[in-house]
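*Asks:* Below is the file input_6.cif, with mmCIF, C-alpha atoms.
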data_query
loop_
_atom_site.label_atom_id
_atom_site.label_comp_id
_atom_site.auth_asym_id
_atom_site.auth_seq_id
_atom_site.Cartn_x
_atom_site.Cartn_y
_atom_site.Cartn_z
CA MET A 1 54.80 69.26 -26.88
CA GLY A 2 52.43 66.72 -28.47
CA ARG A 3 49.43 68.10 -26.63
CA THR A 4 50.22 71.67 -27.77
CA ILE A 5 50.59 70.49 -31.37
CA ALA A 6 47.31 68.55 -31.22
CA VAL A 7 45.30 71.35 -29.58
CA TYR A 8 46.57 74.26 -31.68
CA GLY A 9 46.70 72.15 -34.85
CA THR A 10 43.05 71.22 -34.34
CA ILE A 11 42.07 74.86 -33.74
CA SER A 12 44.01 75.94 -36.83
CA GLY A 13 42.58 73.07 -38.88
CA THR A 14 39.03 73.90 -37.84
CA ILE A 15 39.52 77.52 -38.85
CA VAL A 16 41.03 76.56 -42.21
CA ILE A 17 38.02 74.29 -42.88
CA LEU A 18 35.63 77.13 -42.00
CA GLY A 19 37.60 79.46 -44.28
CA MET A 20 37.40 76.94 -47.11
CA PHE A 21 33.66 76.49 -46.59
CA ILE A 22 33.04 80.26 -46.54
CA SER A 23 35.21 80.77 -49.61
CA ILE A 24 33.49 78.01 -51.59
CA THR A 25 30.03 79.12 -50.50
CA PHE A 26 30.27 82.89 -50.78
CA VAL A 27 33.15 83.69 -53.13
CA ALA A 28 32.32 80.88 -55.59
CA ASP A 29 35.15 82.06 -57.85
CA HIS A 30 37.80 79.59 -58.89
CA GLY A 31 39.96 82.46 -60.15
CA THR A 32 41.90 85.20 -58.44
CA MET A 33 39.28 86.15 -55.84
CA GLY A 34 38.87 82.55 -54.73
CA MET A 35 42.63 82.15 -54.46
CA VAL A 36 43.03 85.35 -52.43
CA ALA A 37 40.18 84.39 -50.10
CA GLY A 38 41.62 80.89 -49.70
CA TYR A 39 45.14 82.04 -48.83
CA LEU A 40 43.86 84.72 -46.46
CA SER A 41 41.80 82.12 -44.59
CA MET A 42 44.87 79.85 -44.44
CA LEU A 43 46.96 82.68 -43.02
CA ALA A 44 44.28 83.52 -40.44
CA ALA A 45 44.07 79.87 -39.40
CA LEU A 46 47.83 79.50 -39.24
CA LEU A 47 48.12 82.39 -36.79
CA PHE A 48 47.51 79.62 -34.27
CA VAL A 49 50.98 78.31 -35.13
CA PHE A 50 52.38 81.48 -33.57
CA ILE A 51 49.94 81.37 -30.66
CA GLY A 52 50.69 77.69 -29.98
CA VAL A 53 54.47 78.16 -30.07
CA LYS A 54 54.23 81.18 -27.78
CA ARG A 55 52.02 79.32 -25.33
CA TYR A 56 54.39 76.34 -25.35
CA ARG A 57 57.37 78.65 -24.76
CA ASP A 58 55.70 80.59 -21.95
CA VAL A 59 53.79 77.83 -20.13
CA ASN A 60 55.82 74.68 -20.71
CA LEU A 61 59.34 76.06 -21.02
CA GLY A 62 59.29 79.00 -18.63
CA GLY A 63 59.52 81.69 -21.34
CA VAL A 64 62.58 80.38 -23.19
CA ILE A 65 62.65 78.31 -26.41
CA THR A 66 65.30 77.54 -29.01
CA PHE A 67 64.72 78.28 -32.68
CA TRP A 68 64.70 74.55 -33.55
CA LYS A 69 62.28 73.59 -30.79
CA ALA A 70 59.96 76.46 -31.80
CA LEU A 71 60.23 75.44 -35.45
CA GLY A 72 59.38 71.84 -34.55
CA VAL A 73 56.29 72.85 -32.58
CA GLY A 74 55.24 75.28 -35.32
CA LEU A 75 55.68 72.71 -38.08
CA GLY A 76 53.75 70.16 -36.05
CA ILE A 77 50.82 72.54 -35.65
CA GLY A 78 51.02 73.46 -39.33
CA LEU A 79 51.04 69.80 -40.41
CA VAL A 80 47.94 69.04 -38.34
CA ALA A 81 46.18 72.03 -39.93
CA ALA A 82 47.33 70.86 -43.38
CA LEU A 83 45.91 67.41 -42.71
CA PHE A 84 42.54 68.99 -41.86
CA TYR A 85 42.75 71.05 -45.07
CA VAL A 86 43.53 68.09 -47.31
CA LEU A 87 40.87 65.87 -45.77
CA SER A 88 38.23 68.59 -45.95
CA TRP A 89 39.04 69.14 -49.64
CA GLU A 90 38.55 65.43 -50.22
CA VAL A 91 35.16 65.61 -48.48
CA TYR A 92 34.24 68.60 -50.67
CA MET A 93 35.29 66.70 -53.80
CA TRP A 94 33.19 63.72 -52.73
CA GLN A 95 30.13 65.86 -51.93
CA SER A 96 30.38 67.90 -55.14
CA GLY A 97 30.82 64.86 -57.34
CA GLY A 98 34.39 65.84 -58.21
CA THR A 99 33.37 68.62 -60.62
CA PHE A 100 35.92 71.19 -59.43
CA MET A 101 38.51 70.67 -62.17
CA THR A 102 35.90 70.68 -64.94
CA GLU A 103 34.39 73.90 -63.60
CA TYR A 104 37.83 75.48 -63.15
CA ILE A 105 38.87 74.67 -66.72
CA ALA A 106 35.57 75.94 -68.16
CA LYS A 107 35.78 79.20 -66.17
CA THR A 108 39.39 79.78 -67.19
CA ILE A 109 38.62 79.16 -70.88
CA GLU A 110 35.68 81.57 -70.61
CA ASP A 111 38.01 84.18 -69.08
CA MET A 112 40.61 83.55 -71.81
CA ARG A 113 37.97 84.10 -74.54
CA ALA A 114 36.77 87.29 -72.82
CA ALA A 115 40.37 88.52 -72.69
CA GLY A 116 40.71 87.95 -76.45
CA LYS A 117 43.18 85.07 -76.33
CA SER A 118 43.76 83.25 -79.60
CA GLY A 119 42.14 79.94 -80.41
CA ALA A 120 45.58 78.30 -80.42
CA GLU A 121 46.33 79.53 -76.89
CA ILE A 122 42.96 78.34 -75.65
CA GLU A 123 43.39 74.95 -77.34
CA LYS A 124 46.88 74.54 -75.84
CA PHE A 125 45.58 75.40 -72.36
CA SER A 126 42.60 73.07 -72.79
CA SER A 127 44.85 70.20 -73.86
CA GLU A 128 47.29 70.69 -70.96
CA MET A 129 44.50 71.02 -68.43
CA GLY A 130 42.74 67.96 -69.83
CA ALA A 131 45.80 65.91 -68.93
CA MET A 132 45.91 67.58 -65.52
CA ALA A 133 42.22 66.83 -64.97
CA GLU A 134 42.89 63.16 -65.69
CA GLN A 135 45.67 63.09 -63.07
CA TYR A 136 43.44 64.99 -60.63
CA LYS A 137 41.02 62.07 -60.60
CA ASN A 138 43.65 60.09 -58.66
CA PRO A 139 43.04 60.83 -54.94
CA LEU A 140 46.74 60.45 -54.01
CA PHE A 141 47.80 62.93 -56.69
CA ARG A 142 44.99 65.30 -55.68
CA MET A 143 45.89 65.09 -51.96
CA ALA A 144 49.56 65.78 -52.71
CA LEU A 145 48.61 68.74 -54.87
CA THR A 146 46.23 70.07 -52.21
CA LEU A 147 48.97 69.73 -49.60
CA THR A 148 51.24 71.96 -51.70
CA GLU A 149 48.70 74.76 -51.35
CA ILE A 150 48.87 75.07 -47.57
CA LEU A 151 52.27 73.61 -46.68
CA PRO A 152 54.39 76.58 -47.90
CA VAL A 153 52.20 78.97 -45.89
CA ALA A 154 52.52 76.76 -42.79
CA LEU A 155 56.30 76.56 -43.25
CA LEU A 156 56.61 80.33 -43.61
CA VAL A 157 54.48 81.00 -40.51
CA ALA A 158 56.45 78.40 -38.51
CA LEU A 159 59.78 79.94 -39.57
CA VAL A 160 58.69 83.49 -38.70
CA SER A 161 57.21 82.32 -35.38
CA ALA A 162 60.39 80.45 -34.45
CA ALA A 163 62.59 83.38 -35.41
CA LEU A 164 60.56 85.83 -33.32
CA LEU A 165 59.75 83.66 -30.32
CA ARG A 166 63.29 82.33 -29.78
CA LYS A 167 63.93 85.73 -28.24
CA SER A 168 62.47 85.57 -24.76
CA SER A 169 62.22 89.38 -24.81
CA PHE A 170 59.73 89.19 -27.70
CA LEU A 171 56.25 89.25 -26.15
CA PRO A 172 57.53 87.92 -22.83
CA ALA A 173 55.34 85.78 -20.61
CA THR A 174 53.35 87.82 -18.17
CA GLN A 175 54.03 87.16 -14.53
CA PRO A 176 51.04 86.08 -12.47
CA ARG A 177 50.00 88.62 -9.86
CA GLY A 178 50.14 87.27 -6.41
#
Rewrite the coordinates I just gave you, this time as structure tokens.

*Replies:*
Amino acid sequence: MGRTIAVYGTISGTIVILGMFISITFVADHGTMGMVAGYLSMLAALLFVFIGVKRYRDVNLGGVITFWKALGVGLGIGLVAALFYVLSWEVYMWQSGGTFMTEYIAKTIEDMRAAGKSGAEIEKFSSEMGAMAEQYKNPLFRMALTLTEILPVALLVALVSAALLRKSSFLPATQPRG
């Protein structure tokens, strides 16, 4: 089980890092488009949770797996991918000089002004986000916050994978031709 988690977690983590890099490089939008691109790349990467659980069921367990065993394997793969995600974000923050939060706040305020928000609303947002930006400077806080971005997606994919793959009739293992 550990080998399956390591292999498929590493594949998933590598894909999530590539997705993050592509999103940061080409989307360059800290708003809705960036968020959509980010979550789509996470979902694409976390498809390897399903693939890893299926492979474990078919190769290691002869085509039969319990829900809890499948969930455990799926969560393990998802946690490895999440670790890759968090660490790659920390590398990005280090390389970019930690300007993400400042840029995000400035872009959001610009969007609020363009949308005609009142000065009071903008000031309130700016004040709240200033406090958040101060907390975001703490790497432990930032890593925990970054983890909350990918972990719910990994949990959902692991749950769906376990629910589907516990049925040995769902995408059954193919028999080798002899």

*Asks:* Taking the point (67.6, 84.5, -26.5) as given in the file, collect each protein or nucleic acid residue that comes within 12 Å of it, counting all atoms listed in the file, and present the set as a CSV table (one decimal) with C-alpha atoms, keeping the file's coordinate frame.

*Replies:*
chain,number,residue,atom,x,y,z
A,57,ARG,CA,57.4,78.6,-24.8
A,63,GLY,CA,59.5,81.7,-21.3
A,64,VAL,CA,62.6,80.4,-23.2
A,65,ILE,CA,62.6,78.3,-26.4
A,66,THR,CA,65.3,77.5,-29.0
A,67,PHE,CA,64.7,78.3,-32.7
A,162,ALA,CA,60.4,80.4,-34.4
A,163,ALA,CA,62.6,83.4,-35.4
A,164,LEU,CA,60.6,85.8,-33.3
A,165,LEU,CA,59.8,83.7,-30.3
A,166,ARG,CA,63.3,82.3,-29.8
A,167,LYS,CA,63.9,85.7,-28.2
A,168,SER,CA,62.5,85.6,-24.8
A,169,SER,CA,62.2,89.4,-24.8
A,170,PHE,CA,59.7,89.2,-27.7
A,172,PRO,CA,57.5,87.9,-22.8

*Asks:* Please expand the PyMOL selection byres ((chain A and resi 16) around 9) into the concrete residues it hits in this file, giving the result as a list in words.

*Replies:*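 Checking the PyMOL selection byres ((chain A and resi 16) around 9) against this file, the residues are Ile11, Ser12, Gly13, Thr14, Ile15, Ile17, Leu18, Gly19, Met20, Phe21, Gly38, Ser41, Met42, Leu43, Ala44, Ala45, Leu46, Ala81, Ala82, Phe84 and Tyr85 of chain A.
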
*Asks:* Expanded to explicit residues, what is the PyMOL selection byres ((chain A and resi 146) around 12) for this file, as an mmCIF file with C-alpha atoms, in the frame of the given file?

*Replies:*
data_model
loop_
_atom_site.group_PDB
_atom_site.id
_atom_site.type_symbol
_atom_site.label_atom_id
_atom_site.label_comp_id
_atom_site.auth_asym_id
_atom_site.auth_seq_id
_atom_site.Cartn_x
_atom_site.Cartn_y
_atom_site.Cartn_z
ATOM 1 C CA ALA A 82 47.330 70.860 -43.380
ATOM 2 C CA LEU A 83 45.910 67.410 -42.710
ATOM 3 C CA PHE A 84 42.540 68.990 -41.860
ATOM 4 C CA TYR A 85 42.750 71.050 -45.070
ATOM 5 C CA VAL A 86 43.530 68.090 -47.310
ATOM 6 C CA LEU A 87 40.870 65.870 -45.770
ATOM 7 C CA SER A 88 38.230 68.590 -45.950
ATOM 8 C CA TRP A 89 39.040 69.140 -49.640
ATOM 9 C CA GLU A 90 38.550 65.430 -50.220
ATOM 10 C CA MET A 93 35.290 66.700 -53.800
ATOM 11 C CA TYR A 136 43.440 64.990 -60.630
ATOM 12 C CA PRO A 139 43.040 60.830 -54.940
ATOM 13 C CA LEU A 140 46.740 60.450 -54.010
ATOM 14 C CA PHE A 141 47.800 62.930 -56.690
ATOM 15 C CA ARG A 142 44.990 65.300 -55.680
ATOM 16 C CA MET A 143 45.890 65.090 -51.960
ATOM 17 C CA ALA A 144 49.560 65.780 -52.710
ATOM 18 C CA LEU A 145 48.610 68.740 -54.870
ATOM 19 C CA LEU A 147 48.970 69.730 -49.600
ATOM 20 C CA THR A 148 51.240 71.960 -51.700
ATOM 21 C CA GLU A 149 48.700 74.760 -51.350
ATOM 22 C CA ILE A 150 48.870 75.070 -47.570
ATOM 23 C CA LEU A 151 52.270 73.610 -46.680
ATOM 24 C CA PRO A 152 54.390 76.580 -47.900
#

*Asks:* Which residue is closest to Thr102 in chain A? Choose from A:Ala131, A:Ile122, A:Val7, A:Leu79 and count all atoms listed in the file.

*Replies:*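 Smallest separation from Thr102 in chain A among the options: A:Ala131.
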
*Asks:* Any idea what's packed within 12 Å of Glu110 in chain A, counting only C-alpha atoms, ignoring anything in its chain fewer than 3 positions away? Could you give it as an MDAnalysis selection string?

*Replies:* chainID A and resid 31 103:107 113:117 119 122 125:126

*Asks:* Under the PyMOL selection byres ((chain A and resi 75-78) around 6), which residues of this model are included? Write them out as a JSON list (two decimals) with C-alpha atoms, in the coordinates of the input.

*Replies:*
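Below is the file that was written, selection_28.json:
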[["chain", "number", "residue", "atom", "x", "y", "z"],
["A", 5, "ILE", "CA", 50.59, 70.49, -31.37],
["A", 9, "GLY", "CA", 46.70, 72.15, -34.85],
["A", 49, "VAL", "CA", 50.98, 78.31, -35.13],
["A", 71, "LEU", "CA", 60.23, 75.44, -35.45],
["A", 72, "GLY", "CA", 59.38, 71.84, -34.55],
["A", 73, "VAL", "CA", 56.29, 72.85, -32.58],
["A", 74, "GLY", "CA", 55.24, 75.28, -35.32],
["A", 79, "LEU", "CA", 51.04, 69.80, -40.41],
["A", 80, "VAL", "CA", 47.94, 69.04, -38.34],
["A", 81, "ALA", "CA", 46.18, 72.03, -39.93],
["A", 154, "ALA", "CA", 52.52, 76.76, -42.79],
["A", 158, "ALA", "CA", 56.45, 78.40, -38.51]]

*Asks:* Could you give me the centre and size, in Å to one decimal, of an axis-aligned box around all listed atoms of range 60-68 of chain A with 3 Å added on every side, as lines of an AutoDock Vina configuration file?

*Replies:*
center_x = 60.6
center_y = 78.1
center_z = -26.1
size_x = 15.5
size_y = 13.1
size_z = 20.9

*Asks:* Would you mind telling me which residue in A:Tyr8, A:Gly2, A:Phe48, A:Leu40 lies nearest to Ser161 in chain A when using all atoms listed in the file?

*Replies:*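 When distances to Ser161 in chain A are compared using all atoms listed in the file, the smallest one comes from A:Phe48.
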
*Asks:* Suppose you want the space between CA of Met101 in chain A and CA of Glu134 in chain A; what is it in Å?

*Replies:* 9.4 Å

*Asks:* Provide the CA of Ile24 in chain A to CA of Gly97 in chain A distance in Å, to one decimal place.

*Replies:*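 Value for the CA of Ile24 in chain A-CA of Gly97 in chain A distance: 14.6 Å.
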
*Asks:* Just give me the gap between CA of Val36 in chain A and CA of Val160 in chain A in Å, one decimal is fine.

*Replies:*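 Interatomic distance, CA of Val36 in chain A to CA of Val160 in chain A: 20.9 Å.
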
*Asks:* For Ile22 in chain A, which residue out of A:Ala37, A:Ala133, A:Val91, A:Met1 is the nearest one, using only C-alpha atoms?

*Replies:*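 Going through A:Ala37, A:Ala133, A:Val91, A:Met1 one by one, the smallest distance to Ile22 in chain A is for A:Ala37.
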
*Asks:* Ranking A:Arg3, A:Ile109, A:Tyr39, A:Ser23 by minimum distance to Val53 in chain A and counting only C-alpha atoms, which one comes first?

*Replies:* A:Arg3

*Asks:* With the input short on atoms, add N, CA and C atoms back to range 109-128 of chain A and write it as a JSON list (two decimals), in the frame of the given file.

*Replies:*
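Contents of part_22.json, freshly written:
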[["chain", "number", "residue", "atom", "x", "y", "z"],
["A", 109, "ILE", "N", 38.78, 79.02, -69.43],
["A", 109, "ILE", "CA", 38.62, 79.16, -70.88],
["A", 109, "ILE", "C", 37.69, 80.32, -71.20],
["A", 110, "GLU", "N", 36.61, 80.44, -70.43],
["A", 110, "GLU", "CA", 35.68, 81.57, -70.61],
["A", 110, "GLU", "C", 36.41, 82.90, -70.41],
["A", 111, "ASP", "N", 37.24, 82.97, -69.36],
["A", 111, "ASP", "CA", 38.01, 84.18, -69.08],
["A", 111, "ASP", "C", 39.02, 84.46, -70.19],
["A", 112, "MET", "N", 39.63, 83.40, -70.73],
["A", 112, "MET", "CA", 40.61, 83.55, -71.81],
["A", 112, "MET", "C", 39.92, 84.11, -73.06],
["A", 113, "ARG", "N", 38.73, 83.60, -73.38],
["A", 113, "ARG", "CA", 37.97, 84.10, -74.54],
["A", 113, "ARG", "C", 37.60, 85.57, -74.34],
["A", 114, "ALA", "N", 37.15, 85.90, -73.12],
["A", 114, "ALA", "CA", 36.77, 87.29, -72.82],
["A", 114, "ALA", "C", 37.97, 88.22, -72.92],
["A", 115, "ALA", "N", 39.16, 87.71, -72.63],
["A", 115, "ALA", "CA", 40.37, 88.52, -72.69],
["A", 115, "ALA", "C", 40.93, 88.60, -74.11],
["A", 116, "GLY", "N", 40.28, 87.88, -75.05],
["A", 116, "GLY", "CA", 40.71, 87.95, -76.45],
["A", 116, "GLY", "C", 41.89, 87.05, -76.79],
["A", 117, "LYS", "N", 42.09, 86.01, -76.03],
["A", 117, "LYS", "CA", 43.18, 85.07, -76.33],
["A", 117, "LYS", "C", 42.88, 84.34, -77.64],
["A", 118, "SER", "N", 43.93, 83.94, -78.32],
["A", 118, "SER", "CA", 43.76, 83.25, -79.60],
["A", 118, "SER", "C", 43.24, 81.84, -79.39],
["A", 119, "GLY", "N", 42.65, 81.31, -80.45],
["A", 119, "GLY", "CA", 42.14, 79.94, -80.41],
["A", 119, "GLY", "C", 43.25, 78.93, -80.12],
["A", 120, "ALA", "N", 44.44, 79.20, -80.65],
["A", 120, "ALA", "CA", 45.58, 78.30, -80.42],
["A", 120, "ALA", "C", 45.98, 78.28, -78.95],
["A", 121, "GLU", "N", 45.99, 79.45, -78.32],
["A", 121, "GLU", "CA", 46.33, 79.53, -76.89],
["A", 121, "GLU", "C", 45.30, 78.78, -76.05],
["A", 122, "ILE", "N", 44.04, 78.98, -76.39],
["A", 122, "ILE", "CA", 42.96, 78.34, -75.65],
["A", 122, "ILE", "C", 43.02, 76.83, -75.84],
["A", 123, "GLU", "N", 43.29, 76.38, -77.06],
["A", 123, "GLU", "CA", 43.39, 74.95, -77.34],
["A", 123, "GLU", "C", 44.58, 74.33, -76.59],
["A", 124, "LYS", "N", 45.70, 75.03, -76.56],
["A", 124, "LYS", "CA", 46.88, 74.54, -75.84],
["A", 124, "LYS", "C", 46.56, 74.40, -74.35],
["A", 125, "PHE", "N", 45.95, 75.44, -73.77],
["A", 125, "PHE", "CA", 45.58, 75.40, -72.36],
["A", 125, "PHE", "C", 44.61, 74.24, -72.10],
["A", 126, "SER", "N", 43.60, 74.12, -72.95],
["A", 126, "SER", "CA", 42.60, 73.07, -72.79],
["A", 126, "SER", "C", 43.23, 71.69, -72.83],
["A", 127, "SER", "N", 44.17, 71.50, -73.73],
["A", 127, "SER", "CA", 44.85, 70.20, -73.86],
["A", 127, "SER", "C", 45.68, 69.89, -72.61],
["A", 128, "GLU", "N", 46.45, 70.88, -72.15],
["A", 128, "GLU", "CA", 47.29, 70.69, -70.96],
["A", 128, "GLU", "C", 46.43, 70.42, -69.73]]
